[in-house]
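Shown next: work_22.tsv, given as TSV, C-alpha atoms.
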chain	number	residue	atom	x	y	z
W	1365	MET	CA	0.00	0.00	0.00
W	1366	THR	CA	2.63	2.60	-0.82
W	1367	HIS	CA	1.47	5.89	-2.23
W	1368	GLU	CA	3.98	5.58	-5.05
W	1369	ASN	CA	1.71	3.08	-6.75
W	1370	HIS	CA	-1.29	5.36	-6.86
W	1371	HIS	CA	-0.63	7.70	-9.73
W	1372	VAL	CA	-3.85	8.97	-11.22
W	1373	SER	CA	-3.45	9.05	-14.97
W	1374	LEU	CA	-3.51	12.32	-16.88
W	1375	ARG	CA	-6.73	11.15	-18.48
W	1376	GLY	CA	-8.18	10.47	-15.04
W	1377	TYR	CA	-7.47	14.05	-13.93
W	1378	LEU	CA	-8.93	15.50	-17.11
W	1379	ILE	CA	-12.09	13.41	-16.73
W	1380	THR	CA	-12.34	14.59	-13.12
W	1381	PHE	CA	-12.00	18.19	-14.25
W	1382	GLY	CA	-14.62	17.63	-16.94
W	1383	ALA	CA	-17.00	16.19	-14.36
W	1384	LEU	CA	-16.45	19.20	-12.08
W	1385	VAL	CA	-17.14	21.63	-14.93
W	1386	GLY	CA	-20.26	19.63	-15.80
W	1387	LEU	CA	-21.45	19.85	-12.20
W	1388	LEU	CA	-20.81	23.60	-12.22
W	1389	GLY	CA	-23.03	23.83	-15.29
W	1390	LEU	CA	-25.63	21.70	-13.53
W	1391	ALA	CA	-25.54	23.99	-10.46
W	1392	ILE	CA	-26.18	27.03	-12.65
W	1393	LEU	CA	-28.92	25.21	-14.58
W	1394	VAL	CA	-30.62	24.14	-11.36
W	1395	ALA	CA	-30.47	27.72	-10.09
W	1396	TYR	CA	-32.52	28.85	-13.10
W	1397	LEU	CA	-35.16	26.15	-12.67
W	1398	PRO	CA	-38.32	27.18	-10.82
W	1399	LEU	CA	-37.68	25.23	-7.65
W	1400	GLY	CA	-38.59	27.94	-5.15
W	1401	ARG	CA	-36.97	27.29	-1.81
W	1402	PHE	CA	-35.53	23.97	-2.90
W	1403	HIS	CA	-32.82	25.88	-4.76
W	1404	LEU	CA	-30.71	25.81	-1.64
W	1405	THR	CA	-31.01	22.04	-1.23
W	1406	ALA	CA	-30.39	21.36	-4.92
W	1407	THR	CA	-27.36	23.61	-5.31
W	1408	LEU	CA	-25.87	22.41	-2.02
W	1409	ILE	CA	-26.21	18.77	-3.10
W	1410	VAL	CA	-24.34	19.60	-6.32
W	1411	ALA	CA	-21.68	21.52	-4.36
W	1412	THR	CA	-21.24	18.60	-1.96
W	1413	ILE	CA	-20.75	16.17	-4.85
W	1414	LYS	CA	-18.13	18.53	-6.28
W	1415	ALA	CA	-16.34	18.79	-2.93
W	1416	VAL	CA	-16.30	15.00	-2.53
W	1417	ILE	CA	-14.85	14.56	-6.03
W	1418	ILE	CA	-12.14	17.15	-5.35
W	1419	MET	CA	-11.25	15.52	-2.03
W	1420	ALA	CA	-11.34	11.94	-3.32
W	1421	ILE	CA	-9.30	12.43	-6.47
W	1422	PHE	CA	-7.49	15.79	-6.51
W	1423	MET	CA	-6.62	15.54	-2.82
W	1424	HIS	CA	-5.91	11.79	-3.07
W	1425	LEU	CA	-8.20	10.91	-0.20
W	1426	ARG	CA	-9.17	7.76	-2.08
W	1427	PHE	CA	-5.61	6.52	-1.74
W	1428	SER	CA	-4.98	7.81	1.77
W	1429	ASN	CA	-4.95	5.72	4.91
W	1430	ARG	CA	-8.04	5.47	7.07
W	1431	LEU	CA	-6.75	7.84	9.73
W	1432	THR	CA	-6.45	10.63	7.16
W	1433	ILE	CA	-9.97	9.90	5.89
W	1434	ALA	CA	-11.22	10.02	9.50
W	1435	PHE	CA	-9.61	13.45	10.00
W	1436	ALA	CA	-11.16	14.76	6.79
W	1437	SER	CA	-14.62	13.37	7.60
W	1438	GLY	CA	-14.35	14.59	11.19
W	1439	ALA	CA	-13.99	18.17	10.00
W	1440	PHE	CA	-17.31	18.00	8.16
W	1441	LEU	CA	-19.00	16.04	10.94
W	1442	TRP	CA	-18.14	18.83	13.37
W	1443	LEU	CA	-19.30	21.44	10.88
W	1444	GLY	CA	-22.62	19.57	10.68
W	1445	ILE	CA	-22.94	19.58	14.48
W	1446	LEU	CA	-22.16	23.29	14.59
W	1447	ILE	CA	-24.82	24.20	12.04
W	1448	THR	CA	-27.46	21.71	13.25
W	1449	LEU	CA	-27.28	22.73	16.91
W	1450	THR	CA	-27.19	26.44	16.03
W	1451	LEU	CA	-30.25	26.12	13.81
W	1452	SER	CA	-32.11	23.97	16.33
W	1453	ASP	CA	-31.81	26.91	18.70
W	1454	TYR	CA	-32.69	29.76	16.31
W	1455	LEU	CA	-35.47	27.99	14.41
W	1456	SER	CA	-37.22	26.76	17.55
W	1457	ARG	CA	-37.33	30.13	19.26
W	1458	GLY	CA	-40.89	31.34	19.47
W	1459	LEU	CA	-42.35	27.84	19.23
W	1460	LEU	CA	-43.19	27.88	22.91
W	1461	ALA	CA	-44.58	30.87	24.72
W	1462	ILE	CA	-42.06	30.87	27.53
W	1463	PRO	CA	-41.89	34.20	29.33
W	1464	GLY	CA	-38.49	35.86	29.38
W	1465	LYS	CA	-37.01	33.72	26.63
O	600	MET	CA	16.05	4.13	-10.22
O	601	SER	CA	18.72	6.82	-10.43
O	602	ASP	CA	18.12	9.47	-13.01
O	603	PRO	CA	21.50	11.00	-13.91
O	604	ALA	CA	20.03	14.36	-14.92
O	605	VAL	CA	18.18	14.71	-11.64
O	606	ALA	CA	21.21	13.57	-9.64
O	607	LEU	CA	23.39	16.14	-11.36
O	608	ALA	CA	20.80	18.84	-10.83
O	609	ALA	CA	20.33	18.09	-7.17
O	610	SER	CA	23.96	17.46	-6.34
O	611	ALA	CA	24.53	21.07	-5.27
O	612	SER	CA	22.13	20.82	-2.37
O	613	SER	CA	21.69	18.40	0.47
O	614	VAL	CA	18.81	16.83	-1.41
O	615	GLU	CA	19.73	13.42	-2.72
O	616	MET	CA	18.27	12.07	-5.92
O	617	GLY	CA	15.41	14.49	-5.64
O	618	ASP	CA	13.83	12.77	-2.68
O	619	VAL	CA	12.87	14.32	0.59
O	620	PRO	CA	15.42	13.18	3.20
O	621	LEU	CA	14.10	10.76	5.81
O	622	ALA	CA	13.94	12.36	9.25
O	623	HIS	CA	15.39	10.16	12.01
O	624	HIS	CA	12.10	9.80	13.89
O	625	PHE	CA	10.35	8.07	11.00
O	626	ASP	CA	10.64	4.40	10.16
O	627	ASP	CA	10.46	4.79	6.40
O	628	PRO	CA	9.52	7.33	3.71
O	629	VAL	CA	5.94	6.06	3.52
O	630	GLN	CA	5.35	6.75	7.21
O	631	GLN	CA	6.99	10.15	6.85
O	632	HIS	CA	4.78	10.99	3.90
O	633	GLU	CA	1.62	9.83	5.65
O	634	SER	CA	2.47	11.91	8.72
O	635	ALA	CA	2.92	15.02	6.61
O	636	VAL	CA	-0.38	14.47	4.82
O	637	LEU	CA	-2.20	13.73	8.08
O	638	GLY	CA	-0.78	16.89	9.66
O	639	MET	CA	-2.02	18.95	6.74
O	640	TRP	CA	-5.48	17.41	6.99
O	641	ALA	CA	-5.54	18.25	10.71
O	642	PHE	CA	-4.81	21.86	9.77
O	643	LEU	CA	-7.49	21.79	7.07
O	644	ALA	CA	-9.98	20.49	9.66
O	645	THR	CA	-9.31	23.63	11.74
O	646	GLU	CA	-9.82	25.66	8.56
O	647	VAL	CA	-13.20	24.01	8.02
O	648	MET	CA	-14.12	25.15	11.54
O	649	PHE	CA	-12.76	28.63	10.79
O	650	PHE	CA	-15.00	29.04	7.76
O	651	GLY	CA	-17.71	27.04	9.56
O	652	GLY	CA	-18.26	29.85	12.07
O	653	ILE	CA	-19.15	32.40	9.43
O	654	ILE	CA	-21.14	29.85	7.41
O	655	ALA	CA	-23.21	29.02	10.51
O	656	ALA	CA	-23.84	32.73	11.11
O	657	TYR	CA	-24.83	33.09	7.45
O	658	THR	CA	-27.22	30.13	7.80
O	659	VAL	CA	-28.97	31.70	10.78
O	660	TYR	CA	-29.42	35.07	9.06
O	661	ARG	CA	-30.52	33.49	5.83
O	662	ALA	CA	-33.11	31.40	7.69
O	663	ILE	CA	-34.67	34.48	9.26
O	664	SER	CA	-34.40	36.82	6.24
O	665	GLN	CA	-34.99	34.73	3.13
O	666	ASP	CA	-36.63	37.41	0.98
O	667	GLU	CA	-33.94	39.95	1.79
O	668	PHE	CA	-31.12	37.52	0.99
O	669	ALA	CA	-32.78	36.52	-2.29
O	670	ALA	CA	-33.24	40.14	-3.37
O	671	ALA	CA	-29.71	41.13	-2.32
O	672	SER	CA	-28.16	38.14	-4.04
O	673	GLN	CA	-29.69	39.25	-7.33
O	674	ARG	CA	-27.33	42.23	-7.34
O	675	LEU	CA	-24.36	39.89	-7.72
O	676	SER	CA	-23.35	38.54	-11.09
O	677	PRO	CA	-23.78	34.74	-11.35
O	678	ALA	CA	-21.87	34.92	-14.65
O	679	LEU	CA	-18.75	36.48	-13.13
O	680	GLY	CA	-18.98	34.16	-10.14
O	681	GLY	CA	-19.40	31.19	-12.48
O	682	ILE	CA	-16.37	32.20	-14.54
O	683	ASN	CA	-14.41	32.50	-11.31
O	684	THR	CA	-15.52	29.01	-10.25
O	685	LEU	CA	-14.31	27.71	-13.59
O	686	VAL	CA	-10.98	29.52	-13.19
O	687	LEU	CA	-10.51	28.10	-9.71
O	688	LEU	CA	-11.42	24.55	-10.79
O	689	GLY	CA	-8.84	24.95	-13.56
O	690	SER	CA	-6.20	26.02	-11.05
O	691	SER	CA	-7.08	22.98	-8.94
O	692	LEU	CA	-6.50	20.77	-11.98
O	693	ALA	CA	-3.18	22.53	-12.59
O	694	VAL	CA	-1.96	21.97	-9.04
O	695	ALA	CA	-3.11	18.34	-9.19
O	696	LEU	CA	-1.04	17.93	-12.33
O	697	ALA	CA	1.91	19.59	-10.56
O	698	VAL	CA	1.64	16.98	-7.79
O	699	ARG	CA	1.41	14.27	-10.44
O	700	GLY	CA	4.50	15.70	-12.12
O	701	SER	CA	6.40	15.50	-8.85
O	702	GLN	CA	5.33	11.88	-8.43
O	703	MET	CA	6.52	11.15	-11.95
O	704	ARG	CA	9.78	13.03	-11.30
O	705	GLN	CA	9.18	15.57	-14.06
O	706	ARG	CA	10.68	18.84	-12.88
O	707	LYS	CA	9.56	20.83	-15.92
O	708	THR	CA	5.93	19.72	-15.54
O	709	VAL	CA	5.98	20.72	-11.88
O	710	LEU	CA	7.26	24.21	-12.69
O	711	ILE	CA	4.86	24.77	-15.60
O	712	MET	CA	1.85	23.55	-13.63
O	713	LEU	CA	2.74	25.58	-10.53
O	714	GLY	CA	3.09	28.61	-12.81
O	715	LEU	CA	-0.29	27.91	-14.37
O	716	THR	CA	-1.85	27.53	-10.90
O	717	MET	CA	-0.51	30.95	-9.90
O	718	LEU	CA	-1.69	32.48	-13.16
O	719	LEU	CA	-5.24	31.17	-12.72
O	720	GLY	CA	-5.24	32.09	-9.01
O	721	THR	CA	-4.26	35.64	-9.90
O	722	ALA	CA	-6.95	35.75	-12.59
O	723	PHE	CA	-9.49	34.73	-9.95
O	724	LEU	CA	-8.40	37.55	-7.66
O	725	GLY	CA	-8.52	39.99	-10.58
O	726	ILE	CA	-12.11	39.07	-11.45
O	727	LYS	CA	-13.01	39.18	-7.75
O	728	ALA	CA	-11.49	42.66	-7.42
O	729	TYR	CA	-13.47	43.80	-10.48
O	730	GLU	CA	-16.68	42.48	-8.90
O	731	TRP	CA	-15.94	44.25	-5.64
O	732	SER	CA	-15.28	47.53	-7.49
O	733	LEU	CA	-18.66	47.20	-9.21
O	734	GLU	CA	-20.39	46.56	-5.88
O	735	PHE	CA	-18.62	49.42	-4.14
O	736	GLY	CA	-19.63	51.62	-7.09
O	737	HIS	CA	-23.26	50.62	-6.59
O	738	HIS	CA	-23.07	51.49	-2.88
O	739	LEU	CA	-23.65	47.88	-1.85
O	740	ALA	CA	-20.79	47.86	0.67
O	741	PRO	CA	-22.26	47.93	4.21
O	742	GLY	CA	-21.78	51.18	6.05
O	743	PRO	CA	-23.03	54.77	5.97
O	744	ASN	CA	-22.98	54.84	2.16
O	745	PHE	CA	-25.02	51.67	1.77
O	746	HIS	CA	-27.86	52.17	-0.65
O	747	PHE	CA	-30.28	49.51	-1.85
O	748	GLU	CA	-33.52	49.87	-3.70
O	749	ALA	CA	-35.65	46.82	-4.31
O	750	GLU	CA	-36.34	46.43	-7.99
O	751	HIS	CA	-40.09	46.34	-7.73
O	752	GLY	CA	-40.96	45.81	-11.37
O	753	GLU	CA	-38.91	42.70	-12.06
O	754	ALA	CA	-38.18	41.42	-8.59
O	755	SER	CA	-41.77	41.09	-7.45
O	756	ALA	CA	-42.62	39.17	-10.60
O	757	SER	CA	-39.92	36.56	-10.07
O	758	ALA	CA	-39.78	36.51	-6.28
O	759	SER	CA	-43.18	34.91	-5.97
O	760	HIS	CA	-43.06	34.59	-2.21
O	761	ALA	CA	-41.92	38.15	-1.61
O	762	SER	CA	-44.28	39.60	0.93
O	763	GLY	CA	-44.19	43.13	2.18
O	764	PRO	CA	-41.29	45.56	2.04
O	765	LEU	CA	-37.76	44.30	2.53
O	766	ASP	CA	-35.96	45.02	5.77
O	767	LEU	CA	-32.94	46.97	4.56
O	768	ARG	CA	-30.90	46.10	7.66
O	769	ARG	CA	-31.20	42.45	6.71
O	770	VAL	CA	-30.35	43.23	3.10
O	771	GLN	CA	-27.26	44.93	4.44
O	772	MET	CA	-26.44	41.83	6.50
O	773	PHE	CA	-26.29	39.84	3.28
O	774	PHE	CA	-23.60	42.13	2.00
O	775	VAL	CA	-21.75	41.94	5.32
O	776	PHE	CA	-21.60	38.18	4.80
O	777	TYR	CA	-20.79	38.55	1.13
O	778	PHE	CA	-17.81	40.82	1.72
O	779	PHE	CA	-16.56	38.89	4.75
O	780	MET	CA	-16.86	35.45	3.15
O	781	THR	CA	-15.38	36.40	-0.21
O	782	GLY	CA	-12.79	38.58	1.52
O	783	LEU	CA	-11.74	35.78	3.84
O	784	HIS	CA	-11.58	33.44	0.87
O	785	ALA	CA	-9.53	35.94	-1.16
O	786	PHE	CA	-7.20	36.31	1.82
O	787	HIS	CA	-6.64	32.55	1.74
O	788	MET	CA	-5.99	32.77	-1.98
O	789	ILE	CA	-3.35	35.46	-1.43
O	790	ILE	CA	-1.63	33.31	1.21
O	791	GLY	CA	-1.83	30.33	-1.15
O	792	LEU	CA	-0.33	32.36	-4.00
O	793	ALA	CA	2.53	33.50	-1.74
O	794	ILE	CA	3.26	29.91	-0.72
O	795	LEU	CA	3.06	28.75	-4.34
O	796	ALA	CA	5.46	31.52	-5.37
O	797	ILE	CA	7.95	30.50	-2.65
O	798	LEU	CA	7.62	26.85	-3.69
O	799	PHE	CA	8.10	27.76	-7.35
O	800	VAL	CA	11.23	29.81	-6.68
O	801	GLN	CA	12.69	27.16	-4.36
O	802	ILE	CA	12.16	24.44	-6.95
O	803	PHE	CA	13.40	26.68	-9.74
O	804	ARG	CA	16.60	27.41	-7.78
O	805	ARG	CA	16.84	23.72	-6.87
O	806	ARG	CA	16.64	24.41	-3.16
O	807	LEU	CA	13.67	22.07	-3.00
O	808	PRO	CA	13.31	18.88	-4.97
O	809	ALA	CA	10.66	19.02	-7.67
O	810	THR	CA	10.62	15.27	-7.62
O	811	GLY	CA	10.02	14.72	-3.94
O	812	GLU	CA	6.26	14.98	-3.93
O	813	ARG	CA	5.81	16.02	-0.33
O	814	PRO	CA	6.14	19.84	-0.44
O	815	VAL	CA	4.19	20.11	-3.69
O	816	GLU	CA	1.49	17.77	-2.41
O	817	ILE	CA	1.06	19.60	0.90
O	818	VAL	CA	0.71	22.98	-0.82
O	819	GLY	CA	-1.64	21.31	-3.30
O	820	LEU	CA	-3.88	20.14	-0.45
O	821	TYR	CA	-4.17	23.71	0.81
O	822	TRP	CA	-4.99	24.99	-2.66
O	823	HIS	CA	-7.69	22.36	-3.21
O	824	PHE	CA	-9.20	23.28	0.15
O	825	VAL	CA	-9.49	26.92	-0.91
O	826	ASP	CA	-11.18	25.68	-4.08
O	827	ILE	CA	-13.68	23.63	-2.05
O	828	VAL	CA	-14.56	26.69	0.05
O	829	TRP	CA	-15.40	28.57	-3.12
O	830	VAL	CA	-17.45	25.63	-4.43
O	831	PHE	CA	-19.75	26.22	-1.44
O	832	LEU	CA	-19.60	30.03	-1.40
O	833	TYR	CA	-20.73	30.27	-5.03
O	834	PRO	CA	-24.21	28.72	-4.57
O	835	LEU	CA	-24.62	30.26	-1.10
O	836	LEU	CA	-23.99	33.81	-2.29
O	837	TYR	CA	-24.70	33.96	-6.03
O	838	LEU	CA	-27.33	31.33	-6.75
O	839	ILE	CA	-29.99	32.06	-4.12
O	840	GLU	CA	-32.59	33.15	-6.62
O	841	VAL	CA	-31.26	34.08	-10.02
O	842	ARG	CA	-33.36	35.92	-12.54
Show the structure stored in the file as structure tokens.
Amino acid sequence: MTHENHHVSLRGYLITFGALVGLLGLAILVAYLPLGRFHLTATLIVATIKAVIIMAIFMHLRFSNRLTIAFASGAFLWLGILITLTLSDYLSRGLLAIPGK
Amino acid sequence: MSDPAVALAASASSVEMGDVPLAHHFDDPVQQHESAVLGMWAFLATEVMFFGGIIAAYTVYRAISQDEFAAASQRLSPALGGINTLVLLGSSLAVALAVRGSQMRQRKTVLIMLGLTMLLGTAFLGIKAYEWSLEFGHHLAPGPNFHFEAEHGEASASASHASGPLDLRRVQMFFVFYFFMTGLHAFHMIIGLAILAILFVQIFRRRLPATGERPVEIVGLYWHFVDIVWVFLYPLLYLIEVR
């Protein structure tokens, strides 16, 4: 399992780049579709796919050891906790009529 | 194994055969390489948290002022932002090819691709600066000179859920986030460009091995991270509700 054996071919990088450009086009296309408030979900899904492709291939996460993958995933796990807990506070304010809230 | 041209080129420095020397506390080059990569990912995790703070704040404000954010976002140019995304993706490809060149022990490829990365990175900053100058010119920068008028004719037709007048303080908050997020990102780009320039000069002067992949790969990881940040900023800021 040495890293020396994991050269991505030039063609592989170009295909990756092509896929990223395609996804950029898709994000813009989706933004012009009449989706209302689902724009955010749709464009964020596309962005997440792009980020995963960049991390897996450009950043060689696919060929990295599991500890490195755990560090990378951990960063986004913590980001998810940060946003989820923050929103659970802000979006639930006013749901209950508690005096002095 | 030994490439005479590389050996000759690297003979002036302490670097042997273009490889990164093995530090005494590592068992073998693979372990050394994995440690370097892991360390960089640990740093990138802190960077995710760093940008995460402002993204969480953005999320809260966007949740409570959706109409204002949609109207404000329409003042940005999705075309310029899209071109910039393309430029940045291209620079990511270039730096990936530089890393590949270092793995393949091709010094020339490394230098050309690092140069191309810097060129595209600078182009990104140039387009970004042009956008900012437009927005400053339209008084969209938050502060005493902030001026925003909702475009009633077109906006109300497309923004179907727009109800009532927009709260201009919340519109202004959008631009606070816009300038802080893109500014913070541009700041990372400038740091990345400085590091790339140092790396380029060091490799050009043969102070660093172009063929030892470690320095190029570590800088590449940082550059890709900055690209990923932009991949998320683009839909969050530009594509809220395009017309």
Taking only residues of chain W that have an atom at most 8 Å from an atom of chain O, what is each one's shortest atom pair and its distance in Å to one decimal, using only C-alpha atoms, in chain and number order, as CSV?
residue,atom,partner,partner_atom,distance
W:Thr1366,CA,O:Val629,CA,6.5
W:His1367,CA,O:Val629,CA,7.3
W:Glu1368,CA,O:Gln702,CA,7.3
W:His1371,CA,O:Arg699,CA,6.9
W:Val1372,CA,O:Arg699,CA,7.5
W:Leu1374,CA,O:Leu696,CA,7.6
W:Tyr1377,CA,O:Leu692,CA,7.1
W:Leu1378,CA,O:Leu692,CA,7.7
W:Phe1381,CA,O:Leu692,CA,6.5
W:Leu1384,CA,O:Leu688,CA,7.5
W:Val1385,CA,O:Leu685,CA,6.8
W:Leu1388,CA,O:Gly681,CA,7.7
W:Ala1391,CA,O:Pro834,CA,7.7
W:Ile1392,CA,O:Leu838,CA,7.4
W:Ala1395,CA,O:Leu838,CA,5.8
W:Tyr1396,CA,O:Val841,CA,6.2
W:His1403,CA,O:Ile839,CA,6.8
W:Leu1404,CA,O:Ile839,CA,6.8
W:Thr1407,CA,O:Pro834,CA,6.0
W:Leu1408,CA,O:Pro834,CA,7.0
W:Ala1411,CA,O:Phe831,CA,5.9
W:Thr1412,CA,O:Phe831,CA,7.8
W:Lys1414,CA,O:Val830,CA,7.4
W:Ala1415,CA,O:Ile827,CA,5.6
W:Ile1418,CA,O:His823,CA,7.2
W:Met1419,CA,O:His823,CA,7.8
W:Phe1422,CA,O:Ala695,CA,5.7
W:Met1423,CA,O:Leu820,CA,5.9
W:Ser1428,CA,O:Glu633,CA,7.9
W:Asn1429,CA,O:Glu633,CA,7.8
W:Leu1431,CA,O:Leu637,CA,7.6
W:Thr1432,CA,O:Leu637,CA,5.3
W:Phe1435,CA,O:Ala641,CA,6.3
W:Ala1436,CA,O:Trp640,CA,6.3
W:Gly1438,CA,O:Ala644,CA,7.5
W:Ala1439,CA,O:Ala644,CA,4.6
W:Phe1440,CA,O:Val647,CA,7.3
W:Trp1442,CA,O:Met648,CA,7.7
W:Leu1443,CA,O:Gly651,CA,6.0
W:Leu1446,CA,O:Ala655,CA,7.1
W:Ile1447,CA,O:Ala655,CA,5.3
W:Thr1450,CA,O:Ala655,CA,7.3
W:Leu1451,CA,O:Val659,CA,6.5
W:Tyr1454,CA,O:Val659,CA,6.9
W:Leu1455,CA,O:Ala662,CA,7.9
Quiz item: Quick one: distance from CA of Ile726 (chain O) to CA of Phe774 (chain O) in Å, one decimal?
Solution: 18.0 Å
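Relative to CA of Gln705 (chain O), CA of Leu621 (chain O) is found at 21.0 Å.
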Quiz prompt | Gap from CA of Ile1379 (chain W) to CA of Ile1433 (chain W) - Å, one decimal | solution =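 For CA of Ile1379 (chain W) relative to CA of Ile1433 (chain W), the distance reads 23.0 Å.
If only C-alpha atoms are the atoms counted, then among O:Leu733, O:Leu687, O:Ile653, O:Ile794 the closest residue to Leu718 (chain O) is O:Leu687.
Ranking O:Glu748, O:His738, O:Leu792, O:Arg813 by their shortest atom-to-atom distance to Gln631 (chain O), with all atoms listed in the file included, puts O:Arg813 first.
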